[in-house]
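Novice: Structure incoming, see below.
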Amino acid sequence: MLPDVEKLLALQEADLQIRKLQDEIAELPKRITVIEQQLAGTKAQLEKARAAAKADEANKKKYETAIQDLQGKISKYRDQSLDVKTNEQYKALLHEIQFAEQEIRINEDRILELMLNVDSREKEVKAAEAELKAETAEIEREKEEARRVTAEDQKKLSEWNSRRDGLRQGIDSELLRRYERVMKFRGSGLAEVRDHKCMGCQVMLRPQIYNEVRNGEQVVYCDSCQRVLYFDPANEPKREQPAEAVHTRRRPRPKADAAQAWFYRPDYGEAGEVLLVFTNGGESATRCVYDMHSGRQLGDVLNREGGYRQAFPEDLTDTAVRLNGHWEEEEMLEWGAEMPSSILDVLHSDLRAAQREHQKAHNQHSSAAEHSAAS
Ligand SMILES: [Zn+2]
C-alpha cells in the first residue's frame with residue numbers, strides 16, 4: 001500500500017472518531033431536554049391538583065360565610081317578629097325565616113359534597129408530589145451522567161483532533177483536498193477494493209483500475225464515487241483450488257509375470273467391450289471373458305497349453321489394455337456366471353486411470369514432437 005494511502009486511512013479513522021464523538025456530545029443535551037419536558041408535565045399535573053384543592057377550600061369558606069349571613073338574618077327576623085302589629089307582617093317574617101333556613105340547608109349540602117371530595121383531592125396531590133420527587137432525582141442522575149460522558153468525550157475529542165492535525169501535516173495537499181471533499185459529501189474518503197469491487201459504492205472496477213489498486217504504486221480514485229481506493233490482500237476472497245489435484249496418485253503398474261492377468265479389449269468381435277482374465281497354472285493357461293458393462297461371463301473358460309501369452313496370442317492385440325487386479329481362484333468360483341459389481345467397479349476405475357495415463361503420455365509426446373519440429 002502507498003504510504004500516502006496508509007496515512008489517509010489513519011486520517012479517516014481519526015475523522016470518523018471525531019464525528020462520532022461530536023454527534024454523541026450533541027445528542028446528550030437533547031436527551032436532557034426530553035426528560036425535562038417530562039418533568040414539566042408532572043409539575044403541571046401537581047399544580048392542577050393543588051389548584052383544585054385550593055378552589056374547594058375557597059368554596060367551602062364561601063358557603064360557610066353564606067350560612068353565617070343567613071343565620072344572622074334569621075335572628076334579626078326573630079327579633080323583629082316580637083314587635084310586629086299585624087298578622088300579615090308576622091306571616092311575611094316567618095316566610096323570610098323559612099326561606100333563609102332552606103338556603104342554609106343548600107349551603108350545608110354543598111359543603112358536605114366538598115368534604116367528600118377532600119380525600120381523593122389529597123391523594124391526587126400526594127401522588128403528583130411523589131412522582132415529581134422521583135423524576136427530579138432521576139433527571140439529576142441523568143444530568144450528572146451526561147456531564148460525565150460529555151467531559152470524557154471532550155477529552156477524547158481533543159486527543160483525536162490533535163492526532164488528526166498531525167496526520168494531515170504528512171499528506172500531500174492535493175490528495176488531502178480530494179479526500180476531504182469526498183469525505184464531506186459521502187461520509188468517507190477512502191474505500192477498500194474487494195473482489196474487483198469498490199466497497200464504497202459497490203461498483204465493479206475496470207480491470208486496469210483494479211490492477212493499479214492492487215499494485216499500489218500510485219493513488220487511484222474510484223471512477224464512480226471518487227473515493228481513494230486501497231487493497232488489503234487479507235480481505236480478498238479465497239479462490240477455490242483447481243480440481244486437478246484429485247487424480248495425482250499414480251496408478252500401480254501391473255506385474256508382467258503375474259499368475260493372473262486382466263485385460264480390457266474395446267473391440268472383442270461381436271461382444272464389443274470385454275474384460276479378459278488369464279491365469280497361468282504350470283503347464284497350461286486359462287482364459288475367461290466377461291462383458292465389460294454387465295460383468296456377465298461370456299462363453300466357457302478356455303484351457304490351453306503354455307503360458308497365456310503363448311497360449312492366447314490372438315487376444316493380446318494392440319488395443320488390449322493391461323489392468324491391475326488379482327482375486328483368488330476360490331473367490332472367482334463364487335462369482336459364478338457374473339462378477340460382483342464391486343469387482344467390476346475396481347476394474348472400470350483402473351481402466352479409466354490407465355486411459356488417463358495414456359492420454360497424458362500422448363500429450364507430452366506430441367508437444368515434444370512440436371518442439372523438435374519448431375527448432
Ligand atoms: Zn466507488
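Residue numbering restarts at 1 in every chain; chains get A, B, ... in the order shown in the C-alpha cells, and ligands count up from 1 in that same order.
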Would you name the residues within 7 Å of ligand 1, counting only C-alpha atoms and all ligand atoms, and put them as a ChimeraX atom specification?
Specialist: /A:191,198-203,222-227
Novice: Set the distance at 12 Å and use only C-alpha atoms: which residues neighbour A:Thr42 once local chain neighbours fewer than 2 positions away are removed? I'd like the list as a PyMOL selection string.
Specialist: chain A and resi 35-40+44-49+124-125+127-136
Novice: Please return, as a ChimeraX atom specification, all residues of stretch 188-327 of chain A that DSSP assigns to strand (DSSP E or B) on the basis of the backbone.
Specialist: /A:190-194,197-198,204,221,228-231,260-268,272-281,284-291,296-305,321-323
Novice: Now that the selection is made, can you save its residues with N, CA and C atoms as a compact mmCIF listing (two decimals), in the first residue's frame?
Specialist:
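Printed below is part13.txt as written:
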# COMPACT_ATOMS: atom_id res chain seq x y z
N LEU A 190 -12.18 7.16 1.71
CA LEU A 190 -11.48 6.02 1.13
C LEU A 190 -12.43 4.84 1.04
N ALA A 191 -12.12 3.93 0.12
CA ALA A 191 -12.91 2.71 0.05
C ALA A 191 -11.99 1.55 -0.28
N GLU A 192 -12.28 0.42 0.36
CA GLU A 192 -11.50 -0.78 0.08
C GLU A 192 -11.98 -1.40 -1.23
N VAL A 193 -11.03 -2.03 -1.93
CA VAL A 193 -11.40 -2.78 -3.13
C VAL A 193 -11.41 -4.26 -2.76
N ARG A 194 -12.54 -4.91 -3.00
CA ARG A 194 -12.63 -6.32 -2.67
C ARG A 194 -13.32 -7.03 -3.81
N LYS A 197 -14.42 -4.99 -6.70
CA LYS A 197 -15.50 -4.03 -6.47
C LYS A 197 -15.03 -2.93 -5.53
N CYS A 198 -15.55 -1.69 -5.75
CA CYS A 198 -15.35 -0.61 -4.79
C CYS A 198 -16.36 -0.84 -3.68
N MET A 204 -18.34 -2.31 -9.90
CA MET A 204 -17.22 -3.11 -10.37
C MET A 204 -16.18 -2.20 -11.01
N TYR A 221 -8.35 6.64 -7.82
CA TYR A 221 -9.67 7.06 -7.35
C TYR A 221 -10.74 6.20 -8.01
N VAL A 228 -10.75 7.45 -2.62
CA VAL A 228 -9.42 6.90 -2.82
C VAL A 228 -9.52 5.39 -2.56
N LEU A 229 -9.00 4.59 -3.50
CA LEU A 229 -9.14 3.14 -3.38
C LEU A 229 -7.90 2.53 -2.75
N TYR A 230 -8.11 1.48 -1.96
CA TYR A 230 -6.97 0.73 -1.43
C TYR A 230 -7.31 -0.75 -1.43
N PHE A 231 -6.26 -1.56 -1.37
CA PHE A 231 -6.44 -3.00 -1.47
C PHE A 231 -5.78 -3.66 -0.28
N GLN A 260 -2.00 -64.08 -12.55
CA GLN A 260 -3.34 -63.72 -13.06
C GLN A 260 -3.22 -62.37 -13.77
N ALA A 261 -3.73 -62.29 -14.97
CA ALA A 261 -3.59 -61.03 -15.73
C ALA A 261 -4.94 -60.63 -16.32
N TRP A 262 -5.34 -59.33 -16.03
CA TRP A 262 -6.61 -58.82 -16.54
C TRP A 262 -6.33 -57.87 -17.70
N PHE A 263 -7.20 -57.92 -18.70
CA PHE A 263 -7.08 -57.04 -19.85
C PHE A 263 -8.47 -56.48 -20.20
N TYR A 264 -8.40 -55.34 -20.85
CA TYR A 264 -9.63 -54.76 -21.43
C TYR A 264 -9.45 -54.74 -22.94
N ARG A 265 -10.53 -55.12 -23.64
CA ARG A 265 -10.50 -55.03 -25.10
C ARG A 265 -11.75 -54.29 -25.55
N PRO A 266 -11.61 -53.20 -26.30
CA PRO A 266 -12.77 -52.43 -26.73
C PRO A 266 -13.47 -53.05 -27.95
N ASP A 267 -12.83 -54.03 -28.55
CA ASP A 267 -13.25 -54.47 -29.90
C ASP A 267 -13.24 -55.98 -30.01
N TYR A 268 -13.88 -56.66 -29.06
CA TYR A 268 -13.79 -58.12 -29.00
C TYR A 268 -14.90 -58.76 -29.84
N GLY A 272 -17.97 -56.83 -28.40
CA GLY A 272 -17.59 -55.41 -28.21
C GLY A 272 -16.62 -55.25 -27.07
N GLU A 273 -17.02 -54.50 -26.06
CA GLU A 273 -16.10 -54.24 -24.94
C GLU A 273 -16.14 -55.42 -23.96
N VAL A 274 -14.98 -55.94 -23.68
CA VAL A 274 -14.93 -57.07 -22.73
C VAL A 274 -13.77 -56.92 -21.75
N LEU A 275 -13.85 -57.71 -20.69
CA LEU A 275 -12.72 -57.86 -19.76
C LEU A 275 -12.26 -59.31 -19.90
N LEU A 276 -10.93 -59.49 -19.97
CA LEU A 276 -10.37 -60.84 -20.11
C LEU A 276 -9.50 -61.12 -18.91
N VAL A 277 -9.60 -62.35 -18.40
CA VAL A 277 -8.67 -62.70 -17.34
C VAL A 277 -7.96 -64.01 -17.71
N PHE A 278 -6.61 -63.93 -17.66
CA PHE A 278 -5.81 -65.11 -17.95
C PHE A 278 -5.17 -65.58 -16.66
N THR A 279 -5.09 -66.91 -16.52
CA THR A 279 -4.44 -67.48 -15.34
C THR A 279 -3.39 -68.48 -15.79
N ASN A 280 -2.15 -68.25 -15.34
CA ASN A 280 -1.08 -69.20 -15.63
C ASN A 280 -1.05 -70.27 -14.56
N GLY A 281 -1.10 -71.52 -14.97
CA GLY A 281 -1.06 -72.61 -13.98
C GLY A 281 -0.10 -73.70 -14.41
N SER A 284 -0.15 -75.08 -18.25
CA SER A 284 -1.20 -74.51 -19.12
C SER A 284 -1.71 -73.17 -18.59
N ALA A 285 -2.55 -72.52 -19.41
CA ALA A 285 -3.16 -71.25 -19.00
C ALA A 285 -4.65 -71.29 -19.31
N THR A 286 -5.45 -70.53 -18.54
CA THR A 286 -6.88 -70.47 -18.81
C THR A 286 -7.26 -69.04 -19.21
N ARG A 287 -8.39 -68.92 -19.87
CA ARG A 287 -8.90 -67.61 -20.27
C ARG A 287 -10.39 -67.57 -19.98
N CYS A 288 -10.82 -66.47 -19.39
CA CYS A 288 -12.25 -66.27 -19.15
C CYS A 288 -12.61 -64.86 -19.63
N VAL A 289 -13.76 -64.72 -20.31
CA VAL A 289 -14.16 -63.42 -20.87
C VAL A 289 -15.43 -62.93 -20.15
N TYR A 290 -15.45 -61.65 -19.79
CA TYR A 290 -16.64 -61.06 -19.16
C TYR A 290 -17.12 -59.86 -19.98
N ASP A 291 -18.43 -59.66 -19.99
CA ASP A 291 -18.97 -58.45 -20.63
C ASP A 291 -18.52 -57.23 -19.80
N ARG A 296 -21.08 -60.06 -16.88
CA ARG A 296 -21.54 -61.43 -17.14
C ARG A 296 -20.45 -62.21 -17.89
N GLN A 297 -20.28 -63.46 -17.50
CA GLN A 297 -19.28 -64.31 -18.18
C GLN A 297 -19.76 -64.66 -19.58
N LEU A 298 -18.85 -64.52 -20.57
CA LEU A 298 -19.22 -64.82 -21.96
C LEU A 298 -18.52 -66.11 -22.37
N GLY A 299 -19.27 -67.14 -22.70
CA GLY A 299 -18.69 -68.42 -23.13
C GLY A 299 -18.06 -69.18 -21.97
N ASP A 300 -17.36 -70.27 -22.32
CA ASP A 300 -16.76 -71.10 -21.28
C ASP A 300 -15.32 -70.68 -21.02
N VAL A 301 -14.80 -71.19 -19.92
CA VAL A 301 -13.38 -70.97 -19.61
C VAL A 301 -12.57 -71.86 -20.55
N LEU A 302 -11.58 -71.25 -21.18
CA LEU A 302 -10.76 -71.98 -22.16
C LEU A 302 -9.42 -72.36 -21.51
N ASN A 303 -8.94 -73.56 -21.79
CA ASN A 303 -7.68 -74.03 -21.24
C ASN A 303 -6.75 -74.44 -22.37
N ARG A 304 -5.51 -73.81 -22.42
CA ARG A 304 -4.57 -74.19 -23.47
C ARG A 304 -3.18 -74.42 -22.85
N GLU A 305 -2.35 -75.12 -23.55
CA GLU A 305 -1.01 -75.42 -23.06
C GLU A 305 -0.12 -74.17 -23.11
N VAL A 321 -5.74 -53.47 -23.16
CA VAL A 321 -5.15 -52.65 -22.09
C VAL A 321 -4.98 -53.53 -20.87
N ARG A 322 -3.75 -53.59 -20.37
CA ARG A 322 -3.47 -54.41 -19.18
C ARG A 322 -4.01 -53.69 -17.95
N LEU A 323 -4.77 -54.43 -17.11
CA LEU A 323 -5.36 -53.82 -15.91
C LEU A 323 -4.77 -54.40 -14.65
Novice: Which residues, written as a PyMOL selection string, have at least one atom at most 12 Å from A:Arg177, with only C-alpha atoms counted and residues fewer than 4 positions away on the same chain left out?
Specialist: chain A and resi 8+168+171-173+181-184+189+227-228
Novice: Store the residues of this selection in a file with N, CA, C and O atoms, as a PDB file, in the first residue's frame.
Specialist:
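See part.pdb below for the written result:
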ATOM      1  N   LEU A   8      -3.715   8.326   4.875  1.00  0.00           N
ATOM      2  CA  LEU A   8      -5.118   8.731   4.693  1.00  0.00           C
ATOM      3  C   LEU A   8      -6.052   7.835   5.480  1.00  0.00           C
ATOM      4  O   LEU A   8      -7.040   8.291   6.047  1.00  0.00           O
ATOM      5  N   ARG A 168      -2.577  15.129   9.111  1.00  0.00           N
ATOM      6  CA  ARG A 168      -2.775  15.993   7.936  1.00  0.00           C
ATOM      7  C   ARG A 168      -1.463  16.596   7.440  1.00  0.00           C
ATOM      8  O   ARG A 168      -1.273  16.760   6.238  1.00  0.00           O
ATOM      9  N   ILE A 171       0.506  14.544   4.718  1.00  0.00           N
ATOM     10  CA  ILE A 171      -0.136  14.056   3.492  1.00  0.00           C
ATOM     11  C   ILE A 171      -0.085  15.128   2.395  1.00  0.00           C
ATOM     12  O   ILE A 171      -0.293  16.311   2.670  1.00  0.00           O
ATOM     13  N   ASP A 172       0.174  14.665   1.197  1.00  0.00           N
ATOM     14  CA  ASP A 172       0.206  15.549   0.023  1.00  0.00           C
ATOM     15  C   ASP A 172      -1.059  16.404  -0.028  1.00  0.00           C
ATOM     16  O   ASP A 172      -2.176  15.892   0.140  1.00  0.00           O
ATOM     17  N   SER A 173      -0.897  17.710  -0.263  1.00  0.00           N
ATOM     18  CA  SER A 173      -2.030  18.631  -0.074  1.00  0.00           C
ATOM     19  C   SER A 173      -3.136  18.423  -1.114  1.00  0.00           C
ATOM     20  O   SER A 173      -4.313  18.560  -0.807  1.00  0.00           O
ATOM     21  N   ARG A 181     -12.914  16.528   0.320  1.00  0.00           N
ATOM     22  CA  ARG A 181     -14.109  16.871  -0.437  1.00  0.00           C
ATOM     23  C   ARG A 181     -15.084  15.679  -0.466  1.00  0.00           C
ATOM     24  O   ARG A 181     -16.275  15.817  -0.195  1.00  0.00           O
ATOM     25  N   VAL A 182     -14.547  14.474  -0.781  1.00  0.00           N
ATOM     26  CA  VAL A 182     -15.394  13.275  -0.846  1.00  0.00           C
ATOM     27  C   VAL A 182     -15.896  12.908   0.546  1.00  0.00           C
ATOM     28  O   VAL A 182     -17.055  12.529   0.734  1.00  0.00           O
ATOM     29  N   MET A 183     -15.013  13.042   1.537  1.00  0.00           N
ATOM     30  CA  MET A 183     -15.376  12.741   2.928  1.00  0.00           C
ATOM     31  C   MET A 183     -16.581  13.578   3.350  1.00  0.00           C
ATOM     32  O   MET A 183     -17.498  13.094   3.986  1.00  0.00           O
ATOM     33  N   LYS A 184     -16.556  14.849   2.943  1.00  0.00           N
ATOM     34  CA  LYS A 184     -17.610  15.787   3.332  1.00  0.00           C
ATOM     35  C   LYS A 184     -18.956  15.362   2.729  1.00  0.00           C
ATOM     36  O   LYS A 184     -19.986  15.384   3.399  1.00  0.00           O
ATOM     37  N   GLY A 189     -13.813   8.979   2.850  1.00  0.00           N
ATOM     38  CA  GLY A 189     -12.995   9.443   1.735  1.00  0.00           C
ATOM     39  C   GLY A 189     -12.217   8.330   1.056  1.00  0.00           C
ATOM     40  O   GLY A 189     -11.660   8.530  -0.010  1.00  0.00           O
ATOM     41  N   ARG A 227     -13.881   8.082  -4.330  1.00  0.00           N
ATOM     42  CA  ARG A 227     -13.104   7.765  -3.123  1.00  0.00           C
ATOM     43  C   ARG A 227     -11.718   7.265  -3.519  1.00  0.00           C
ATOM     44  O   ARG A 227     -11.547   6.688  -4.594  1.00  0.00           O
ATOM     45  N   VAL A 228     -10.753   7.454  -2.620  1.00  0.00           N
ATOM     46  CA  VAL A 228      -9.416   6.897  -2.819  1.00  0.00           C
ATOM     47  C   VAL A 228      -9.518   5.393  -2.560  1.00  0.00           C
ATOM     48  O   VAL A 228     -10.076   4.971  -1.551  1.00  0.00           O
TER      49      VAL A 228
END
Novice: List every residue of stretch 85-316 of chain A that DSSP, applied to the backbone of this structure, assigns to helix (DSSP H, G or I), and report them as an MDAnalysis selection string.
Specialist: chainID A and resid 87:169 173:186 207:215 233:235 243:247 269:271 308:311
